[in-house]
>>> print(open('input13.txt').read())   # compact mmCIF, C-alpha atoms and all ligand atoms
# COMPACT_ATOMS: atom_id res chain seq x y z
CA MET A 1 -96.54 -39.59 10.74
CA ARG A 2 -95.07 -40.28 7.34
CA VAL A 3 -91.41 -39.33 7.01
CA MET A 4 -89.66 -39.26 3.64
CA ALA A 5 -85.98 -38.76 2.83
CA PHE A 6 -84.60 -37.78 -0.57
CA GLY A 7 -81.03 -38.63 -1.53
CA ALA A 8 -79.15 -37.43 -4.58
CA HIS A 9 -77.09 -40.63 -4.55
CA PRO A 10 -77.65 -44.11 -3.18
CA ASP A 11 -75.91 -43.76 0.21
CA ASP A 12 -76.57 -40.08 1.06
CA VAL A 13 -79.68 -40.83 3.11
CA GLU A 14 -77.85 -43.57 4.98
CA ILE A 15 -74.82 -41.38 5.81
CA PHE A 16 -76.74 -38.25 6.84
CA ALA A 17 -80.19 -39.28 8.05
CA SER A 18 -80.61 -43.03 8.53
CA GLY A 19 -80.31 -42.87 12.31
CA THR A 20 -83.18 -40.40 12.37
CA LEU A 21 -85.24 -42.59 10.05
CA ALA A 22 -84.54 -45.59 12.29
CA LYS A 23 -85.65 -43.56 15.30
CA TYR A 24 -88.86 -42.53 13.58
CA ARG A 25 -89.49 -46.13 12.52
CA ALA A 26 -88.92 -47.39 16.08
CA GLN A 27 -91.60 -44.95 17.20
CA GLY A 28 -94.05 -46.48 14.73
CA HIS A 29 -93.89 -43.89 11.95
CA GLU A 30 -93.92 -44.78 8.24
CA ILE A 31 -90.73 -44.24 6.21
CA GLY A 32 -90.10 -43.45 2.55
CA ILE A 33 -86.76 -43.17 0.76
CA ALA A 34 -86.35 -41.66 -2.73
CA ILE A 35 -83.05 -41.71 -4.63
CA MET A 36 -82.64 -39.25 -7.49
CA THR A 37 -79.64 -40.69 -9.37
CA ARG A 38 -78.51 -44.23 -9.98
CA GLY A 39 -74.99 -43.69 -8.67
CA ASP A 40 -73.51 -44.85 -11.94
CA VAL A 41 -70.10 -43.22 -11.67
CA GLY A 42 -69.29 -44.64 -8.23
CA SER A 43 -66.85 -47.35 -9.21
CA PRO A 44 -63.20 -47.47 -10.22
CA THR A 45 -63.65 -50.80 -12.03
CA LEU A 46 -67.25 -51.60 -13.07
CA THR A 47 -69.20 -50.21 -16.04
CA ARG A 48 -71.85 -47.57 -15.41
CA ASP A 49 -74.70 -50.03 -15.84
CA GLU A 50 -72.97 -52.59 -13.62
CA ILE A 51 -72.37 -50.22 -10.72
CA ALA A 52 -75.88 -48.74 -11.07
CA GLU A 53 -77.38 -52.21 -10.70
CA VAL A 54 -75.21 -52.92 -7.66
CA ARG A 55 -76.08 -49.62 -6.04
CA GLU A 56 -79.81 -50.00 -6.54
CA LYS A 57 -79.66 -53.35 -4.72
CA GLU A 58 -77.56 -51.83 -1.94
CA ALA A 59 -79.99 -48.95 -1.50
CA ARG A 60 -83.03 -51.25 -1.51
CA ASN A 61 -81.39 -53.45 1.14
CA ALA A 62 -80.68 -50.43 3.33
CA ALA A 63 -84.23 -49.09 2.90
CA ALA A 64 -85.64 -52.46 3.93
CA MET A 65 -83.96 -52.12 7.33
CA VAL A 66 -86.39 -49.33 8.23
CA ASP A 67 -89.28 -50.87 6.25
CA ALA A 68 -89.14 -47.92 3.88
CA GLU A 69 -91.21 -47.52 0.76
CA PHE A 70 -88.50 -47.14 -1.86
CA TYR A 71 -88.44 -44.89 -4.94
CA TRP A 72 -85.64 -45.15 -7.52
CA LEU A 73 -85.79 -42.18 -9.89
CA GLY A 74 -82.88 -43.37 -12.03
CA HIS A 75 -81.15 -40.22 -13.27
CA ASP A 76 -77.50 -40.16 -14.32
CA ASP A 77 -75.05 -39.50 -11.50
CA GLU A 78 -73.47 -36.03 -11.75
CA PHE A 79 -76.00 -34.96 -14.41
CA LEU A 80 -79.13 -34.20 -12.40
CA TYR A 81 -80.95 -31.11 -13.65
CA ASP A 82 -84.00 -29.17 -12.58
CA THR A 83 -86.30 -29.79 -15.56
CA PRO A 84 -90.10 -29.89 -15.87
CA GLU A 85 -89.89 -33.68 -16.23
CA VAL A 86 -87.81 -34.14 -13.08
CA ARG A 87 -90.07 -31.82 -11.11
CA ARG A 88 -93.16 -33.77 -12.17
CA GLN A 89 -91.41 -37.02 -11.25
CA VAL A 90 -90.55 -35.70 -7.77
CA ILE A 91 -94.06 -34.31 -7.29
CA ASP A 92 -95.49 -37.69 -8.24
CA VAL A 93 -93.23 -39.56 -5.81
CA ILE A 94 -94.21 -37.16 -3.03
CA ARG A 95 -97.87 -37.64 -3.89
CA GLN A 96 -97.46 -41.41 -3.80
CA PHE A 97 -95.97 -41.31 -0.30
CA GLN A 98 -97.99 -38.34 1.10
CA PRO A 99 -95.31 -37.26 3.64
CA ASP A 100 -95.76 -35.13 6.72
CA ILE A 101 -92.01 -34.45 6.87
CA VAL A 102 -89.38 -34.55 4.11
CA LEU A 103 -85.63 -34.72 4.78
CA CYS A 104 -83.35 -33.67 1.91
CA PRO A 105 -79.98 -32.10 1.07
CA ASP A 106 -79.46 -28.42 1.82
CA LYS A 107 -79.92 -26.45 -1.43
CA ASP A 108 -78.16 -23.43 0.10
CA LYS A 109 -75.30 -25.04 2.01
CA ASP A 110 -74.35 -28.23 0.21
CA TYR A 111 -71.52 -28.20 -2.29
CA HIS A 112 -72.28 -31.12 -4.57
CA PRO A 113 -74.30 -30.22 -7.71
CA ASP A 114 -76.54 -33.29 -7.45
CA HIS A 115 -77.21 -32.56 -3.77
CA VAL A 116 -77.94 -28.91 -4.50
CA ARG A 117 -80.32 -29.82 -7.34
CA THR A 118 -82.06 -32.45 -5.20
CA GLY A 119 -82.59 -29.98 -2.37
CA GLN A 120 -83.71 -27.30 -4.81
CA ILE A 121 -86.20 -29.55 -6.59
CA VAL A 122 -87.63 -30.87 -3.32
CA TRP A 123 -87.95 -27.30 -2.10
CA ASP A 124 -89.45 -26.01 -5.34
CA THR A 125 -92.08 -28.75 -5.49
CA HIS A 126 -93.27 -28.75 -1.88
CA VAL A 127 -96.27 -26.54 -2.60
CA MET A 128 -96.81 -27.89 -6.13
CA ALA A 129 -97.52 -31.34 -4.69
CA THR A 130 -100.80 -29.98 -3.31
CA VAL A 131 -101.91 -28.22 -6.52
CA PRO A 132 -104.59 -30.08 -8.55
CA LEU A 133 -103.82 -28.22 -11.79
CA ILE A 134 -100.40 -29.90 -11.84
CA PRO A 135 -101.53 -33.49 -12.52
CA THR A 136 -99.05 -36.38 -12.28
CA GLY A 137 -101.18 -39.51 -12.11
CA HIS A 138 -101.50 -39.73 -8.33
CA PRO A 139 -103.80 -37.76 -6.00
CA VAL A 140 -102.47 -34.43 -4.76
CA CYS A 141 -101.05 -34.13 -1.24
CA LYS A 142 -103.61 -33.16 1.35
CA LYS A 143 -101.27 -30.69 3.03
CA ILE A 144 -97.91 -28.99 2.56
CA HIS A 145 -95.24 -31.12 4.18
CA GLU A 146 -92.52 -29.83 6.48
CA ILE A 147 -88.96 -29.79 5.07
CA TRP A 148 -85.72 -30.35 6.99
CA TYR A 149 -82.31 -30.13 5.33
CA TYR A 150 -79.81 -32.72 6.46
CA ASP A 151 -76.08 -32.31 6.96
CA THR A 152 -73.43 -31.80 4.27
CA ALA A 153 -70.43 -34.05 3.65
CA ALA A 154 -68.13 -33.67 6.68
CA GLY A 155 -70.50 -30.93 7.88
CA VAL A 156 -68.71 -28.36 5.71
CA GLY A 157 -70.58 -25.05 5.72
CA PHE A 158 -73.57 -26.46 7.59
CA GLU A 159 -74.80 -24.78 10.77
CA PRO A 160 -77.27 -27.17 12.45
CA GLY A 161 -80.54 -25.86 13.78
CA HIS A 162 -81.58 -29.16 15.30
CA TYR A 163 -79.82 -32.30 16.43
CA VAL A 164 -81.31 -35.76 16.65
CA ASP A 165 -79.83 -38.15 19.21
CA ILE A 166 -79.45 -41.40 17.29
CA SER A 167 -77.32 -43.22 19.88
CA ALA A 168 -79.94 -45.91 20.48
CA HIS A 169 -80.19 -46.51 16.72
CA TRP A 170 -76.51 -46.44 15.92
CA GLU A 171 -76.34 -50.15 15.11
CA THR A 172 -79.13 -49.78 12.56
CA LYS A 173 -77.38 -46.83 10.98
CA VAL A 174 -74.13 -48.77 10.72
CA LYS A 175 -75.91 -51.69 9.07
CA MET A 176 -77.64 -49.37 6.61
CA VAL A 177 -74.38 -47.67 5.67
CA GLU A 178 -72.64 -51.04 5.40
CA CYS A 179 -75.21 -52.07 2.78
CA HIS A 180 -73.27 -49.77 0.44
CA ASP A 181 -70.30 -52.07 0.24
CA SER A 182 -69.45 -50.86 -3.28
CA GLN A 183 -68.83 -47.39 -1.87
CA ASN A 184 -66.16 -48.63 0.49
CA ALA A 185 -64.11 -49.42 -2.61
CA TRP A 186 -65.04 -46.10 -4.20
CA CYS A 187 -64.33 -43.96 -1.16
CA LYS A 188 -61.03 -45.71 -0.55
CA HIS A 189 -60.19 -45.05 -4.21
CA MET A 190 -61.22 -41.38 -4.02
CA TYR A 191 -60.45 -40.36 -0.44
CA GLY A 192 -58.47 -43.19 1.09
CA ILE A 193 -61.17 -44.01 3.68
CA PRO A 194 -64.20 -46.34 3.75
CA VAL A 195 -67.71 -44.90 3.57
CA THR A 196 -68.42 -46.08 7.11
CA TYR A 197 -65.68 -43.70 8.30
CA PHE A 198 -67.66 -40.75 6.94
CA ALA A 199 -70.78 -41.76 8.81
CA GLU A 200 -69.12 -42.56 12.11
CA THR A 201 -66.86 -39.49 12.26
CA GLN A 202 -69.70 -37.12 11.45
CA SER A 203 -72.24 -38.77 13.75
CA ARG A 204 -69.74 -38.72 16.63
CA PHE A 205 -68.92 -35.06 15.98
CA ARG A 206 -72.58 -34.04 15.85
CA GLY A 207 -73.11 -36.05 19.03
CA TYR A 208 -70.16 -34.31 20.65
CA GLN A 209 -71.68 -30.95 19.72
CA SER A 210 -75.08 -31.82 21.15
CA GLY A 211 -74.23 -33.79 24.26
CA CYS A 212 -74.82 -37.40 23.22
CA THR A 213 -72.80 -40.22 21.70
CA PHE A 214 -74.14 -40.13 18.13
CA ALA A 215 -76.32 -37.49 16.47
CA GLU A 216 -77.50 -36.28 13.10
CA ALA A 217 -77.84 -32.58 12.29
CA PHE A 218 -80.64 -30.75 10.48
CA ARG A 219 -81.68 -27.26 9.49
CA LYS A 220 -85.19 -26.10 8.70
CA PRO A 221 -85.72 -23.52 5.96
CA PRO A 222 -88.21 -20.76 6.63
CA MET A 223 -91.49 -21.67 5.00
CA PHE A 224 -95.19 -20.98 4.93
CA PRO A 225 -97.42 -22.25 6.45
CA HIS A 226 -94.87 -22.14 9.23
CA THR A 227 -96.47 -24.87 11.29
CA ALA A 228 -98.00 -27.05 8.57
CA ALA A 229 -96.88 -30.17 10.40
CA GLY A 230 -95.82 -28.28 13.49
CA ASP A 231 -92.48 -26.85 14.43
CA GLY A 232 -90.81 -29.24 16.79
CA LEU A 233 -93.13 -32.03 15.74
CA LEU A 234 -90.00 -33.88 14.72
CA PRO A 235 -90.40 -36.21 17.70
CA VAL A 236 -86.72 -36.86 18.00
CA ALA A 237 -85.32 -34.07 20.09
CA LEU A 238 -82.34 -34.80 22.28
CA GLY A 239 -82.80 -37.26 25.08
ZN ZN A 301 -74.19 -37.77 -2.56
>>> encode(input="input13.txt", output="structure tokens", more="lines below")
Ligand SMILES: [Zn+2]
Amino acid sequence: MRVMAFGAHPDDVEIFASGTLAKYRAQGHEIGIAIMTRGDVGSPTLTRDEIAEVREKEARNAAAMVDAEFYWLGHDDEFLYDTPEVRRQVIDVIRQFQPDIVLCPDKDKDYHPDHVRTGQIVWDTHVMATVPLIPTGHPVCKKIHEIWYYDTAAGVGFEPGHYVDISAHWETKVKMVECHDSQNAWCKHMYGIPVTYFAETQSRFRGYQSGCTFAEAFRKPPMFPHTAAGDGLLPVALG
């Protein structure tokens, strides 16, 4: 299978879904990671262009750990909007990767505007990607991919419908999160804790909820065709 994750910011995918991506990769599946914004407000000291350059490198390094095809969409952090241009860009990225499953932020449960927009745009384009009369320069998708929403920051407002046991891939997740060294400084500045603390606390809590050491949580929106890629095809159930 081909599994793609969209992040609003360069570190979201690593915090919320990288253990699952590592598990898919270990099972021989192909991985894609797309980042909507360039994370250019995530520094207390650097200029916007400086921190954006740092964060792109960090995200590329993390993506390389699961051999992911990497897509950097380059929008301004905190100013992501649902426009015709952004939709076409997302459709084109999806067509380039041709995913069976897409992981993205929860448009209904997340709180951050960039996360909400990312989830909304991914949701709104999932059928469009198959439609020939919406040309983008790459061949249309052969089928409608399955969408799973990943967790929110600290799990606030998110009721999981599915847990993925990532215990065996915890070291990979830690390394992927640690690629975002610049965000340790930012998170300490903003919240008084390093970014790795977010990932570990949440993964332990989701593991505690689901009976394993570390887990990631997901929720699947109702969609048609209901079994395009197959409910439960996510080959990463507990155990
Ligand atoms: Zn984010």
>>> closest_atom_pairs(input="input13.txt", of="chain A", to="ligand ZN 301 (chain A)", cutoff="10 Å", atoms="all atoms listed in the file", output="tab-separated table")
residue	atom	partner	partner_atom	distance
A:Gly7	CA	A:ZN301	ZN	7.0
A:Ala8	CA	A:ZN301	ZN	5.4
A:His9	CA	A:ZN301	ZN	4.5
A:Pro10	CA	A:ZN301	ZN	7.2
A:Asp11	CA	A:ZN301	ZN	6.8
A:Asp12	CA	A:ZN301	ZN	4.9
A:Val13	CA	A:ZN301	ZN	8.5
A:Ile15	CA	A:ZN301	ZN	9.1
A:Phe16	CA	A:ZN301	ZN	9.8
A:Ile35	CA	A:ZN301	ZN	9.9
A:Met36	CA	A:ZN301	ZN	9.9
A:Thr37	CA	A:ZN301	ZN	9.2
A:Gly39	CA	A:ZN301	ZN	8.5
A:Asp77	CA	A:ZN301	ZN	9.1
A:Glu78	CA	A:ZN301	ZN	9.4
A:Pro105	CA	A:ZN301	ZN	8.9
A:Asp110	CA	A:ZN301	ZN	9.9
A:Tyr111	CA	A:ZN301	ZN	9.9
A:His112	CA	A:ZN301	ZN	7.2
A:Pro113	CA	A:ZN301	ZN	9.1
A:Asp114	CA	A:ZN301	ZN	7.0
A:His115	CA	A:ZN301	ZN	6.1
A:Val116	CA	A:ZN301	ZN	9.8
A:Thr118	CA	A:ZN301	ZN	9.9
A:Thr152	CA	A:ZN301	ZN	9.1
A:Ala153	CA	A:ZN301	ZN	8.2
>>> atom_distance(input="input13.txt", atom1="atom CA of Phe218 of chain A", atom2="atom CA of Tyr150 of chain A")
4.6 Å
>>> residues_around(input="input13.txt", residues="Cys179 of chain A", least_positions_apart="5", cutoff="8 Å", atoms="all atoms listed in the file", output="list of chain:residue names")
A:Glu58, A:Ala59, A:Asn61, A:Ala62
>>> write_last_selection(input="input13.txt", atoms="C-alpha atoms", output="CSV table (one decimal), keeping the file's coordinate frame")
chain,number,residue,atom,x,y,z
A,58,GLU,CA,-77.6,-51.8,-1.9
A,59,ALA,CA,-80.0,-49.0,-1.5
A,61,ASN,CA,-81.4,-53.4,1.1
A,62,ALA,CA,-80.7,-50.4,3.3
>>> residues_near_point(input="input13.txt", point="(-79.9, -51.4, 5.9)", cutoff="12 Å", atoms="only C-alpha atoms", output="NGL selection string")
:A and (10-11 or 13-15 or 18-19 or 21-22 or 33 or 57-68 or 169-181)
>>> atom_distance(input="input13.txt", atom1="atom CA of Asn184 of chain A", atom2="atom CA of Ala199 of chain A")
11.7 Å
>>> residues_around(input="input13.txt", residues="Ala5 of chain A", least_positions_apart="5", cutoff="7 Å", atoms="all atoms listed in the file", output="list of chain:residue names")
A:Val13, A:Gly32, A:Ile33, A:Ala34, A:Val102, A:Leu103, A:Cys104
>>> closest_residue(input="input13.txt", among="A:Leu80, A:Trp72, A:Glu85, A:Glu216", to="Ala52 of chain A", atoms="all atoms listed in the file")
A:Trp72
>>> atom_distance(input="input13.txt", atom1="atom CA of Pro194 of chain A", atom2="atom CA of Ser182 of chain A")
9.9 Å
>>> residues_around(input="input13.txt", residues="segment 137-149 of chain A", least_positions_apart="4", cutoff="8 Å", atoms="all atoms listed in the file", output="PyMOL selection string")
chain A and resi 92+94-96+98-106+119+123+126-127+129-132+218-221+225+227-230
>>> closest_residue(input="input13.txt", among="A:Thr136, A:Thr201, A:Tyr24, A:Lys107", to="Thr213 of chain A", atoms="all atoms listed in the file")
A:Thr201
>>> closest_residue(input="input13.txt", among="A:Ile91, A:Ile51, A:Ala217, A:Leu133", to="Gly155 of chain A", atoms="only C-alpha atoms")
A:Ala217
>>> residues_around(input="input13.txt", residues="Lys188 of chain A", least_positions_apart="5", cutoff="12 Å", atoms="all atoms listed in the file", output="PyMOL selection string")
chain A and resi 42-44+181-183+193-198
>>> closest_residue(input="input13.txt", among="A:Met223, A:Arg117, A:Leu73, A:Ala215", to="Glu200 of chain A", atoms="all atoms listed in the file")
A:Ala215
>>> closest_residue(input="input13.txt", among="A:Phe97, A:Tyr81, A:Tyr71, A:Phe214", to="Ile121 of chain A", atoms="all atoms listed in the file")
A:Tyr81
>>> build_atoms(input="input13.txt", residues="segment 45-62 of chain A", atoms="N, CA and C atoms", output="tab-separated table (two decimals), in the frame of the given file")
chain	number	residue	atom	x	y	z
A	45	THR	N	-63.88	-49.61	-11.20
A	45	THR	CA	-63.65	-50.80	-12.03
A	45	THR	C	-64.85	-51.23	-12.88
A	46	LEU	N	-66.07	-51.10	-12.36
A	46	LEU	CA	-67.25	-51.60	-13.07
A	46	LEU	C	-67.72	-50.63	-14.14
A	47	THR	N	-68.57	-51.12	-15.07
A	47	THR	CA	-69.20	-50.21	-16.04
A	47	THR	C	-70.30	-49.43	-15.34
A	48	ARG	N	-70.80	-48.40	-16.02
A	48	ARG	CA	-71.85	-47.57	-15.41
A	48	ARG	C	-73.10	-48.39	-15.12
A	49	ASP	N	-73.50	-49.22	-16.08
A	49	ASP	CA	-74.70	-50.03	-15.84
A	49	ASP	C	-74.46	-51.04	-14.73
A	50	GLU	N	-73.27	-51.60	-14.68
A	50	GLU	CA	-72.97	-52.59	-13.62
A	50	GLU	C	-73.03	-51.96	-12.24
A	51	ILE	N	-72.38	-50.82	-12.06
A	51	ILE	CA	-72.37	-50.22	-10.72
A	51	ILE	C	-73.76	-49.68	-10.37
A	52	ALA	N	-74.52	-49.21	-11.36
A	52	ALA	CA	-75.88	-48.74	-11.07
A	52	ALA	C	-76.74	-49.88	-10.54
A	53	GLU	N	-76.60	-51.05	-11.14
A	53	GLU	CA	-77.38	-52.21	-10.70
A	53	GLU	C	-76.99	-52.60	-9.28
A	54	VAL	N	-75.69	-52.61	-9.01
A	54	VAL	CA	-75.21	-52.92	-7.66
A	54	VAL	C	-75.77	-51.92	-6.65
A	55	ARG	N	-75.70	-50.66	-7.01
A	55	ARG	CA	-76.08	-49.62	-6.04
A	55	ARG	C	-77.59	-49.59	-5.78
A	56	GLU	N	-78.37	-49.94	-6.79
A	56	GLU	CA	-79.81	-50.00	-6.54
A	56	GLU	C	-80.11	-51.11	-5.52
A	57	LYS	N	-79.46	-52.26	-5.68
A	57	LYS	CA	-79.66	-53.35	-4.72
A	57	LYS	C	-79.22	-52.93	-3.32
A	58	GLU	N	-78.07	-52.28	-3.25
A	58	GLU	CA	-77.56	-51.83	-1.94
A	58	GLU	C	-78.55	-50.87	-1.27
A	59	ALA	N	-79.06	-49.94	-2.06
A	59	ALA	CA	-79.99	-48.95	-1.50
A	59	ALA	C	-81.31	-49.60	-1.08
A	60	ARG	N	-81.79	-50.55	-1.88
A	60	ARG	CA	-83.03	-51.25	-1.51
A	60	ARG	C	-82.82	-52.05	-0.22
A	61	ASN	N	-81.67	-52.69	-0.09
A	61	ASN	CA	-81.39	-53.45	1.14
A	61	ASN	C	-81.36	-52.53	2.36
A	62	ALA	N	-80.74	-51.37	2.21
A	62	ALA	CA	-80.68	-50.43	3.33
A	62	ALA	C	-82.08	-49.93	3.68
